[in-house]
>>> print(open('entry37.pdb').read())   # PDB, C-alpha atoms and all ligand atoms
ATOM      1  CA  MET A   1       0.000   0.000   0.000
ATOM      2  CA  ALA A   2       1.540   3.341  -1.014
ATOM      3  CA  ASN A   3       2.246   5.594   1.941
ATOM      4  CA  MET A   4       2.572   9.256   0.982
ATOM      5  CA  SER A   5       4.609  10.140   4.054
ATOM      6  CA  ILE A   6       7.376   7.773   2.910
ATOM      7  CA  GLN A   7      10.019   9.675   0.973
ATOM      8  CA  ASN A   8      11.766   6.989  -1.099
ATOM      9  CA  LEU A   9      15.287   7.612   0.153
ATOM     10  CA  VAL A  10      18.609   6.141  -0.900
ATOM     11  CA  TYR A  11      21.729   5.735   1.228
ATOM     12  CA  LEU A  12      25.043   7.207   0.119
ATOM     13  CA  ASN A  13      28.157   7.291   2.304
ATOM     14  CA  GLY A  14      26.431   7.880   5.627
ATOM     15  CA  SER A  15      23.388   9.916   4.500
ATOM     16  CA  PHE A  16      19.776   9.001   3.749
ATOM     17  CA  ILE A  17      18.726  11.334   0.932
ATOM     18  CA  PRO A  18      16.366  11.579  -2.061
ATOM     19  CA  ILE A  19      17.957   9.975  -5.124
ATOM     20  CA  GLU A  20      17.986  13.343  -6.932
ATOM     21  CA  ASP A  21      20.404  14.642  -4.298
ATOM     22  CA  ALA A  22      22.786  11.651  -4.437
ATOM     23  CA  ARG A  23      26.115  12.661  -5.992
ATOM     24  CA  ILE A  24      29.440  10.899  -6.461
ATOM     25  CA  SER A  25      32.734  12.076  -7.912
ATOM     26  CA  VAL A  26      33.562  11.362 -11.556
ATOM     27  CA  LEU A  27      36.803   9.919 -10.149
ATOM     28  CA  ASP A  28      34.922   7.190  -8.296
ATOM     29  CA  ARG A  29      36.585   3.922  -9.297
ATOM     30  CA  GLY A  30      33.159   2.405  -9.818
ATOM     31  CA  PHE A  31      32.592   4.966 -12.590
ATOM     32  CA  ILE A  32      36.138   4.855 -14.015
ATOM     33  CA  PHE A  33      36.942   1.113 -13.781
ATOM     34  CA  GLY A  34      33.764  -0.703 -12.713
ATOM     35  CA  ASP A  35      35.888  -1.426  -9.629
ATOM     36  CA  GLY A  36      33.164  -2.533  -7.238
ATOM     37  CA  VAL A  37      30.763  -5.243  -6.185
ATOM     38  CA  TYR A  38      27.020  -5.314  -5.576
ATOM     39  CA  GLU A  39      24.085  -7.299  -4.248
ATOM     40  CA  VAL A  40      20.383  -7.404  -5.073
ATOM     41  CA  VAL A  41      18.243  -8.428  -2.102
ATOM     42  CA  PRO A  42      14.521  -9.031  -2.586
ATOM     43  CA  VAL A  43      12.093  -7.754   0.033
ATOM     44  CA  TYR A  44       8.744  -9.503   0.395
ATOM     45  CA  SER A  45       6.075  -7.883   2.598
ATOM     46  CA  ARG A  46       8.767  -5.524   3.960
ATOM     47  CA  ARG A  47      11.043  -8.398   5.021
ATOM     48  CA  LEU A  48      14.547  -8.824   3.620
ATOM     49  CA  PHE A  49      14.674 -12.286   2.051
ATOM     50  CA  ARG A  50      17.707 -14.461   2.932
ATOM     51  CA  LEU A  51      19.749 -11.449   4.061
ATOM     52  CA  THR A  52      22.352 -13.564   5.871
ATOM     53  CA  GLU A  53      23.083 -15.443   2.645
ATOM     54  CA  HIS A  54      23.247 -12.242   0.576
ATOM     55  CA  LEU A  55      25.678 -10.715   3.088
ATOM     56  CA  ARG A  56      27.836 -13.856   2.994
ATOM     57  CA  ARG A  57      28.011 -13.653  -0.813
ATOM     58  CA  LEU A  58      28.818  -9.931  -0.537
ATOM     59  CA  GLN A  59      31.711 -10.792   1.761
ATOM     60  CA  ASN A  60      32.987 -13.351  -0.787
ATOM     61  CA  SER A  61      32.708 -10.792  -3.600
ATOM     62  CA  LEU A  62      34.614  -8.214  -1.530
ATOM     63  CA  GLU A  63      37.341 -10.761  -0.765
ATOM     64  CA  GLY A  64      37.426 -11.601  -4.487
ATOM     65  CA  ILE A  65      38.344  -7.987  -5.311
ATOM     66  CA  ARG A  66      40.491  -7.512  -2.167
ATOM     67  CA  LEU A  67      38.304  -4.786  -0.657
ATOM     68  CA  LYS A  68      37.661  -4.695   3.082
ATOM     69  CA  ASN A  69      33.998  -4.910   4.057
ATOM     70  CA  PRO A  70      33.108  -1.381   5.231
ATOM     71  CA  HIS A  71      30.357  -2.689   7.559
ATOM     72  CA  LEU A  72      29.619  -5.475   9.974
ATOM     73  CA  ASP A  73      26.569  -7.591   9.140
ATOM     74  CA  VAL A  74      24.559  -5.943  11.950
ATOM     75  CA  GLU A  75      25.351  -2.547  10.461
ATOM     76  CA  TRP A  76      24.303  -3.700   6.978
ATOM     77  CA  ARG A  77      21.055  -5.024   8.400
ATOM     78  CA  GLU A  78      20.322  -1.714  10.082
ATOM     79  CA  LEU A  79      21.079   0.321   6.922
ATOM     80  CA  LEU A  80      19.023  -1.986   4.723
ATOM     81  CA  GLU A  81      16.077  -2.031   7.112
ATOM     82  CA  LYS A  82      16.101   1.764   7.141
ATOM     83  CA  ILE A  83      16.008   1.823   3.341
ATOM     84  CA  VAL A  84      13.121  -0.660   3.321
ATOM     85  CA  ALA A  85      11.248   1.528   5.838
ATOM     86  CA  SER A  86      11.880   4.692   3.811
ATOM     87  CA  ASN A  87      10.460   3.271   0.595
ATOM     88  CA  GLU A  88       6.804   2.839  -0.311
ATOM     89  CA  SER A  89       6.409  -0.634  -1.756
ATOM     90  CA  ASP A  90       5.866  -3.672   0.403
ATOM     91  CA  ASP A  91       7.836  -5.754  -2.103
ATOM     92  CA  GLN A  92      11.156  -4.146  -2.998
ATOM     93  CA  SER A  93      14.364  -4.906  -4.808
ATOM     94  CA  ILE A  94      17.265  -3.544  -2.787
ATOM     95  CA  TYR A  95      20.419  -2.745  -4.725
ATOM     96  CA  LEU A  96      23.613  -2.164  -2.780
ATOM     97  CA  GLN A  97      26.978  -1.306  -4.249
ATOM     98  CA  ILE A  98      30.452  -0.802  -2.821
ATOM     99  CA  THR A  99      33.258   0.646  -4.910
ATOM    100  CA  ARG A 100      36.924   1.110  -4.082
ATOM    101  CA  GLY A 101      36.276   4.852  -3.685
ATOM    102  CA  VAL A 102      37.522   8.096  -5.208
ATOM    103  CA  ALA A 103      41.154   8.512  -6.286
ATOM    104  CA  PRO A 104      43.212   9.895  -9.205
ATOM    105  CA  ARG A 105      42.899   7.485 -12.135
ATOM    106  CA  ASP A 106      45.471   4.710 -11.806
ATOM    107  CA  HIS A 107      44.728   1.008 -12.169
ATOM    108  CA  SER A 108      46.613   0.032  -9.015
ATOM    109  CA  PHE A 109      44.776   0.182  -5.679
ATOM    110  CA  PRO A 110      44.857   3.654  -4.084
ATOM    111  CA  GLU A 111      46.050   3.885  -0.483
ATOM    112  CA  ASP A 112      43.866   5.074   2.401
ATOM    113  CA  VAL A 113      40.744   5.532   0.330
ATOM    114  CA  ILE A 114      37.250   5.270   1.784
ATOM    115  CA  PRO A 115      34.986   2.951  -0.216
ATOM    116  CA  THR A 116      31.809   4.384  -1.681
ATOM    117  CA  VAL A 117      28.659   2.729  -0.310
ATOM    118  CA  PHE A 118      25.342   3.179  -2.087
ATOM    119  CA  ILE A 119      21.960   1.535  -1.414
ATOM    120  CA  MET A 120      18.703   2.091  -3.298
ATOM    121  CA  SER A 121      15.309   0.450  -3.513
ATOM    122  CA  SER A 122      12.977  -0.141  -6.457
ATOM    123  CA  PRO A 123       9.505  -1.659  -6.363
ATOM    124  CA  LEU A 124       9.791  -5.425  -6.888
ATOM    125  CA  LEU A 125       7.325  -6.319  -9.597
ATOM    126  CA  ALA A 126       6.590 -10.036  -9.785
ATOM    127  CA  PRO A 127       6.371 -11.431 -13.339
ATOM    128  CA  SER A 128       2.779 -11.120 -14.579
ATOM    129  CA  LYS A 129       0.379 -14.088 -14.300
ATOM    130  CA  GLU A 130       0.375 -14.193 -18.079
ATOM    131  CA  LEU A 131       4.159 -14.603 -18.278
ATOM    132  CA  VAL A 132       4.054 -17.278 -15.604
ATOM    133  CA  ALA A 133       1.367 -19.094 -17.618
ATOM    134  CA  THR A 134       3.069 -18.814 -21.019
ATOM    135  CA  GLY A 135       6.727 -18.921 -20.002
ATOM    136  CA  VAL A 136       9.419 -16.846 -21.677
ATOM    137  CA  SER A 137      11.772 -17.158 -24.637
ATOM    138  CA  ALA A 138      15.539 -17.451 -24.395
ATOM    139  CA  ILE A 139      18.446 -17.683 -26.795
ATOM    140  CA  THR A 140      21.788 -19.442 -26.430
ATOM    141  CA  ALA A 141      25.016 -17.466 -26.589
ATOM    142  CA  ASN A 142      28.708 -17.991 -26.140
ATOM    143  CA  ASP A 143      29.767 -17.253 -22.546
ATOM    144  CA  ASN A 144      32.505 -14.717 -23.250
ATOM    145  CA  ARG A 145      32.797 -13.349 -19.705
ATOM    146  CA  TRP A 146      35.851 -13.495 -17.465
ATOM    147  CA  LEU A 147      36.692 -16.510 -15.271
ATOM    148  CA  ARG A 148      35.516 -15.031 -11.945
ATOM    149  CA  CYS A 149      31.779 -14.981 -12.564
ATOM    150  CA  ASP A 150      31.320 -16.010  -8.913
ATOM    151  CA  ILE A 151      32.179 -12.415  -7.934
ATOM    152  CA  LYS A 152      29.120 -10.172  -8.141
ATOM    153  CA  ALA A 153      31.101  -7.365  -9.787
ATOM    154  CA  THR A 154      29.601  -4.113 -11.049
ATOM    155  CA  SER A 155      31.668  -4.424 -14.247
ATOM    156  CA  LEU A 156      28.855  -6.113 -16.179
ATOM    157  CA  LEU A 157      29.534  -5.140 -19.780
ATOM    158  CA  PRO A 158      29.477  -8.725 -21.160
ATOM    159  CA  ASN A 159      26.214  -9.427 -19.283
ATOM    160  CA  VAL A 160      24.743  -6.172 -20.611
ATOM    161  CA  LEU A 161      25.645  -7.097 -24.200
ATOM    162  CA  LEU A 162      24.380 -10.663 -23.824
ATOM    163  CA  ARG A 163      21.053  -9.623 -22.359
ATOM    164  CA  GLN A 164      20.587  -6.998 -25.068
ATOM    165  CA  LYS A 165      21.329  -9.664 -27.690
ATOM    166  CA  ALA A 166      18.480 -11.705 -26.169
ATOM    167  CA  LEU A 167      16.105  -8.715 -26.229
ATOM    168  CA  ASP A 168      17.087  -7.909 -29.839
ATOM    169  CA  GLU A 169      15.999 -11.458 -30.718
ATOM    170  CA  ASN A 170      12.651 -11.070 -28.888
ATOM    171  CA  ALA A 171      13.786 -13.189 -25.951
ATOM    172  CA  VAL A 172      14.258 -12.270 -22.295
ATOM    173  CA  GLU A 173      17.389 -14.203 -21.422
ATOM    174  CA  ALA A 174      20.583 -15.600 -22.938
ATOM    175  CA  LEU A 175      21.636 -19.088 -21.804
ATOM    176  CA  LEU A 176      25.400 -19.068 -21.727
ATOM    177  CA  LEU A 177      27.520 -21.933 -23.030
ATOM    178  CA  ARG A 178      31.204 -22.382 -22.308
ATOM    179  CA  GLU A 179      33.029 -25.188 -24.101
ATOM    180  CA  GLY A 180      29.768 -26.981 -24.809
ATOM    181  CA  PHE A 181      28.363 -26.734 -21.271
ATOM    182  CA  LEU A 182      25.752 -24.513 -19.625
ATOM    183  CA  THR A 183      27.083 -21.985 -17.106
ATOM    184  CA  GLU A 184      24.092 -19.727 -16.297
ATOM    185  CA  GLY A 185      21.991 -16.941 -17.826
ATOM    186  CA  SER A 186      23.136 -13.354 -18.410
ATOM    187  CA  THR A 187      21.161 -12.268 -15.325
ATOM    188  CA  SER A 188      19.938 -15.542 -13.801
ATOM    189  CA  ASN A 189      20.790 -19.141 -12.961
ATOM    190  CA  ILE A 190      19.428 -21.905 -15.180
ATOM    191  CA  PHE A 191      17.961 -25.309 -14.310
ATOM    192  CA  VAL A 192      17.260 -28.089 -16.796
ATOM    193  CA  VAL A 193      14.765 -30.956 -16.561
ATOM    194  CA  LYS A 194      15.763 -34.205 -18.327
ATOM    195  CA  SER A 195      13.972 -37.530 -17.823
ATOM    196  CA  GLU A 196      12.008 -36.088 -14.835
ATOM    197  CA  MET A 197      15.294 -35.071 -13.181
ATOM    198  CA  LEU A 198      16.020 -31.449 -12.204
ATOM    199  CA  LEU A 199      19.619 -30.667 -13.175
ATOM    200  CA  ALA A 200      21.696 -27.738 -11.934
ATOM    201  CA  PRO A 201      25.236 -26.806 -12.987
ATOM    202  CA  PRO A 202      27.648 -27.005 -10.030
ATOM    203  CA  LYS A 203      28.840 -23.792  -8.405
ATOM    204  CA  SER A 204      32.247 -22.727  -9.676
ATOM    205  CA  TYR A 205      34.158 -19.655 -10.849
ATOM    206  CA  LEU A 206      32.047 -19.860 -14.009
ATOM    207  CA  MET A 207      28.740 -18.784 -12.465
ATOM    208  CA  LEU A 208      27.232 -16.607  -9.781
ATOM    209  CA  PRO A 209      26.190 -18.726  -6.784
ATOM    210  CA  GLY A 210      22.549 -17.622  -6.836
ATOM    211  CA  ILE A 211      20.580 -17.253  -3.635
ATOM    212  CA  THR A 212      17.402 -18.296  -5.484
ATOM    213  CA  TYR A 213      19.350 -21.260  -6.949
ATOM    214  CA  ASP A 214      20.009 -22.449  -3.379
ATOM    215  CA  VAL A 215      16.354 -21.988  -2.419
ATOM    216  CA  VAL A 216      15.212 -24.052  -5.423
ATOM    217  CA  LEU A 217      17.598 -26.904  -4.579
ATOM    218  CA  GLU A 218      16.458 -26.831  -0.930
ATOM    219  CA  LEU A 219      12.811 -26.957  -2.011
ATOM    220  CA  ALA A 220      13.543 -29.835  -4.405
ATOM    221  CA  ALA A 221      15.263 -31.766  -1.591
ATOM    222  CA  ALA A 222      12.490 -31.052   0.921
ATOM    223  CA  HIS A 223       9.725 -32.121  -1.487
ATOM    224  CA  ASP A 224      11.338 -35.196  -3.042
ATOM    225  CA  ILE A 225      11.797 -33.704  -6.479
ATOM    226  CA  PRO A 226      14.580 -35.795  -8.059
ATOM    227  CA  HIS A 227      17.539 -33.521  -8.668
ATOM    228  CA  GLU A 228      21.216 -33.672  -9.440
ATOM    229  CA  ILE A 229      24.015 -31.106  -9.451
ATOM    230  CA  ARG A 230      26.198 -31.779 -12.471
ATOM    231  CA  ASN A 231      27.434 -30.257 -15.700
ATOM    232  CA  VAL A 232      24.768 -29.992 -18.387
ATOM    233  CA  SER A 233      25.736 -30.157 -22.049
ATOM    234  CA  GLU A 234      24.438 -28.059 -24.925
ATOM    235  CA  TYR A 235      22.752 -31.172 -26.352
ATOM    236  CA  GLU A 236      20.893 -31.733 -23.074
ATOM    237  CA  ILE A 237      19.645 -28.143 -23.099
ATOM    238  CA  ARG A 238      18.433 -28.423 -26.664
ATOM    239  CA  THR A 239      16.556 -31.661 -25.887
ATOM    240  CA  ALA A 240      15.355 -30.676 -22.397
ATOM    241  CA  GLN A 241      11.845 -31.397 -21.131
ATOM    242  CA  GLU A 242      11.884 -28.112 -19.227
ATOM    243  CA  LEU A 243      14.187 -25.124 -18.715
ATOM    244  CA  LEU A 244      13.852 -22.805 -15.709
ATOM    245  CA  LEU A 245      15.507 -19.558 -14.778
ATOM    246  CA  THR A 246      15.890 -18.152 -11.261
ATOM    247  CA  SER A 247      16.870 -14.785  -9.822
ATOM    248  CA  SER A 248      16.093 -12.519  -6.897
ATOM    249  CA  THR A 249      14.063 -10.159  -9.085
ATOM    250  CA  LYS A 250      12.231 -12.732 -11.245
ATOM    251  CA  GLY A 251      11.863 -15.613  -8.783
ATOM    252  CA  ILE A 252      11.353 -18.778 -10.842
ATOM    253  CA  MET A 253      10.259 -18.657 -14.468
ATOM    254  CA  SER A 254       9.749 -21.256 -17.145
ATOM    255  CA  ILE A 255      11.653 -20.937 -20.438
ATOM    256  CA  THR A 256       9.290 -22.361 -23.030
ATOM    257  CA  HIS A 257      11.175 -21.421 -26.212
ATOM    258  CA  LEU A 258      14.884 -21.661 -26.910
ATOM    259  CA  ASP A 259      16.397 -20.192 -30.082
ATOM    260  CA  GLY A 260      12.885 -20.044 -31.546
ATOM    261  CA  LYS A 261      12.085 -23.748 -30.879
ATOM    262  CA  SER A 262       9.646 -25.123 -28.288
ATOM    263  CA  VAL A 263      11.098 -26.558 -25.099
ATOM    264  CA  GLY A 264       9.145 -29.784 -24.463
ATOM    265  CA  ASN A 265       5.579 -29.044 -25.553
ATOM    266  CA  GLY A 266       6.198 -25.290 -25.442
ATOM    267  CA  LYS A 267       4.284 -24.831 -22.173
ATOM    268  CA  PRO A 268       5.503 -24.478 -18.568
ATOM    269  CA  GLY A 269       6.123 -28.008 -17.340
ATOM    270  CA  LYS A 270       5.205 -30.052 -14.294
ATOM    271  CA  ILE A 271       8.396 -29.420 -12.329
ATOM    272  CA  PHE A 272       8.242 -25.668 -12.959
ATOM    273  CA  LEU A 273       4.613 -25.505 -11.780
ATOM    274  CA  GLN A 274       5.476 -27.432  -8.626
ATOM    275  CA  LEU A 275       8.575 -25.361  -7.807
ATOM    276  CA  TYR A 276       6.814 -22.087  -8.631
ATOM    277  CA  GLN A 277       4.063 -22.879  -6.119
ATOM    278  CA  LEU A 278       6.557 -24.065  -3.496
ATOM    279  CA  TYR A 279       8.575 -20.856  -3.921
ATOM    280  CA  GLN A 280       5.460 -18.659  -3.553
ATOM    281  CA  ASN A 281       4.538 -20.474  -0.334
ATOM    282  CA  TYR A 282       8.091 -20.421   0.965
ATOM    283  CA  LYS A 283       8.705 -16.711   0.485
ATOM    284  CA  SER A 284       5.486 -15.835   2.285
ATOM    285  CA  THR A 285       6.471 -17.855   5.360
ATOM    286  CA  VAL A 286      10.088 -16.898   6.014
ATOM    287  CA  MET A 287      12.185 -13.887   6.869
TER     288      MET A 287
HETATM  289  N1  LIG B   1      21.224 -10.851 -10.906
HETATM  290  N2  LIG B   1      23.586 -15.095 -12.355
HETATM  291  C1  LIG B   1      23.743 -13.816 -12.733
HETATM  292  C2  LIG B   1      24.761 -13.492 -13.768
HETATM  293  C3  LIG B   1      22.952 -12.806 -12.137
HETATM  294  O1  LIG B   1      23.136 -11.525 -12.487
HETATM  295  C4  LIG B   1      21.968 -13.168 -11.165
HETATM  296  C5  LIG B   1      21.109 -12.162 -10.483
HETATM  297  C6  LIG B   1      21.842 -14.522 -10.822
HETATM  298  C7  LIG B   1      20.835 -15.003  -9.800
HETATM  299  O2  LIG B   1      21.276 -14.777  -8.476
HETATM  300  P1  LIG B   1      20.233 -14.513  -7.292
HETATM  301  O3  LIG B   1      19.294 -15.657  -7.268
HETATM  302  O4  LIG B   1      21.067 -14.436  -6.083
HETATM  303  O5  LIG B   1      19.516 -13.207  -7.621
HETATM  304  C8  LIG B   1      22.664 -15.459 -11.436
HETATM  305  C9  LIG B   1      20.600  -9.762 -10.182
HETATM  306  C10 LIG B   1      19.178  -9.957  -9.822
HETATM  307  C11 LIG B   1      20.906  -8.466 -10.919
HETATM  308  O6  LIG B   1      22.030  -8.326 -11.358
HETATM  309  O7  LIG B   1      20.025  -7.590 -10.991
END
>>> encode(input="entry37.pdb", output="structure tokens")
Amino acid sequence: MANMSIQNLVYLNGSFIPIEDARISVLDRGFIFGDGVYEVVPVYSRRLFRLTEHLRRLQNSLEGIRLKNPHLDVEWRELLEKIVASNESDDQSIYLQITRGVAPRDHSFPEDVIPTVFIMSSPLLAPSKELVATGVSAITANDNRWLRCDIKATSLLPNVLLRQKALDENAVEALLLREGFLTEGSTSNIFVVKSEMLLAPPKSYLMLPGITYDVVLELAAAHDIPHEIRNVSEYEIRTAQELLLTSSTKGIMSITHLDGKSVGNGKPGKIFLQLYQLYQNYKSTVM
């Protein structure tokens, strides 16, 4: 329910301010080099979903780029809860970003620089009922990203180009293939159903360890949905019964067309429908 007294604030380096007033230096290394990391945390009914796990992944990303975490987890929680409270929607997508800070342009790390910390919120819009019912289209593309895709880095140019390629071909996602095997999507993790078995590529440097990915595997285990974590080949994707994508902003969605061809019978499949319902129930019951 929209609340007119809520001002929709962002957080920047210690201040809660309207986004129009948020300013950073053009020398910020996030701007100059994409030298930063980020997280996207979904908020359902004003509750931060799986915050502990998002903060753990943030810590891993920071270690991956050798940047000290500027906050303790309790401090992050407090900042994020304040942002949730100062934004109107009950369901929000919280974006937080940390960069190595402002310094004269030089690739090497600057000394004694304070990292830039930015947090904003957008309304979290669940995919429409129609999209859930029809599923979405995807394309395949060559995974031409770097070899540390486990770091949630703000330098996302390959992902930007890959997702735009999908949109240019009237699809919503690009399924990425590296040496004949599925890694993930340009903005999501991908699951494959073959012979009634839910398959997920194993976590590695080649993909982002998705928080929604973990939830889906937990739900599959808790509800006796046969599943296996293993590499999935291009052939298996092209002959899959079902393809699913997961992310914090989209939840779980069915991919019903790949490179213009139907996946299975071209409709969301049995395992998607089961997991979709389980995910809806799960997110309404937990913090
Ligand atoms: N992206 N893989 C990539 C490359 C992603 O960008 C994302 C999410 C995921 C899914 O991770 P999670 O389930 O933790 O959201 C996998 C976010 C939503 C984004 O960049 O906006």
>>> atom_distance(input="entry37.pdb", atom1="atom CA of Ile139 of chain A", atom2="atom CA of Pro42 of chain A")
26.0 Å
>>> axis_aligned_box(input="entry37.pdb", around="segment 248-265 of chain A", padding_each_side="8 Å", output="lines of an AutoDock Vina configuration file")
center_x = 11.0
center_y = -20.0
center_z = -19.2
size_x = 26.8
size_y = 35.6
size_z = 40.6
>>> residues_near_ligand(input="entry37.pdb", ligand="ligand LIG 1 (chain B)", cutoff="8 Å", atoms="all atoms listed in the file", output="list in words")
Glu39, Val40, Val41, His54, Tyr95, Cys149, Lys152, Asn159, Glu184, Gly185, Ser186, Thr187, Ser188, Asn189, Met207, Leu208, Pro209, Gly210, Ile211, Thr212, Tyr213, Asp214, Thr246, Ser247, Ser248, Thr249, Lys250 and Gly251 of chain A
>>> closest_atom_pairs(input="entry37.pdb", of="segment 154-234 of chain A", to="segment 256-280 of chain A", cutoff="9 Å", atoms="all atoms listed in the file", output="tab-separated table")
residue	atom	partner	partner_atom	distance
A:Glu169	CA	A:Asp259	CA	8.8
A:Ala171	CA	A:Asp259	CA	8.5
A:Leu175	CA	A:Leu258	CA	8.8
A:Val193	CA	A:Ile271	CA	7.8
A:Glu196	CA	A:Ile271	CA	8.0
A:Met197	CA	A:Ile271	CA	9.0
A:Leu198	CA	A:Ile271	CA	7.9
A:Val215	CA	A:Tyr279	CA	8.0
A:Val216	CA	A:Leu275	CA	7.2
A:Leu219	CA	A:Leu278	CA	7.0
A:Ala220	CA	A:Leu275	CA	7.5
A:His223	CA	A:Leu278	CA	8.9
A:Ile225	CA	A:Ile271	CA	8.0
>>> resolve_selection(input="entry37.pdb", expression="the PyMOL selection byres (((chain A and resi 89) around 12) and not hetatm)", output="list in words")
Met1, Ala2, Asn3, Met4, Ile6, Gln7, Asn8, Pro42, Val43, Tyr44, Ser45, Arg46, Arg47, Ile83, Val84, Ala85, Ser86, Asn87, Glu88, Asp90, Asp91, Gln92, Ser93, Ile94, Ser121, Ser122, Pro123, Leu124 and Leu125 of chain A
>>> closest_residue(input="entry37.pdb", among="A:Val10, A:Val26, A:Leu67, A:Leu244", to="Pro104 of chain A", atoms="all atoms listed in the file")
A:Val26
>>> resolve_selection(input="entry37.pdb", expression="the PyMOL selection byres (((chain A and resi 106-118) around 10) and not hetatm)", output="PyMOL selection string")
chain A and resi 10-16+22+24-25+28-30+32-33+35-36+38+66-71+95-105+119-120
>>> closest_residue(input="entry37.pdb", among="A:Val74, A:Ile65, A:Val286, A:Leu182", to="Leu243 of chain A", atoms="all atoms listed in the file")
A:Leu182
>>> atom_distance(input="entry37.pdb", atom1="atom CA of Lys194 of chain A", atom2="atom CA of Arg145 of chain A")
27.0 Å
>>> atom_distance(input="entry37.pdb", atom1="atom CA of Phe181 of chain A", atom2="atom CA of Met253 of chain A")
21.0 Å
>>> closest_residue(input="entry37.pdb", among="A:Ile229, A:Leu79, A:Pro158, A:Arg148", to="Leu9 of chain A", atoms="all atoms listed in the file")
A:Leu79
>>> closest_residue(input="entry37.pdb", among="A:Glu228, A:Glu75, A:Arg50, A:Ala174", to="Lys283 of chain A", atoms="all atoms listed in the file")
A:Arg50
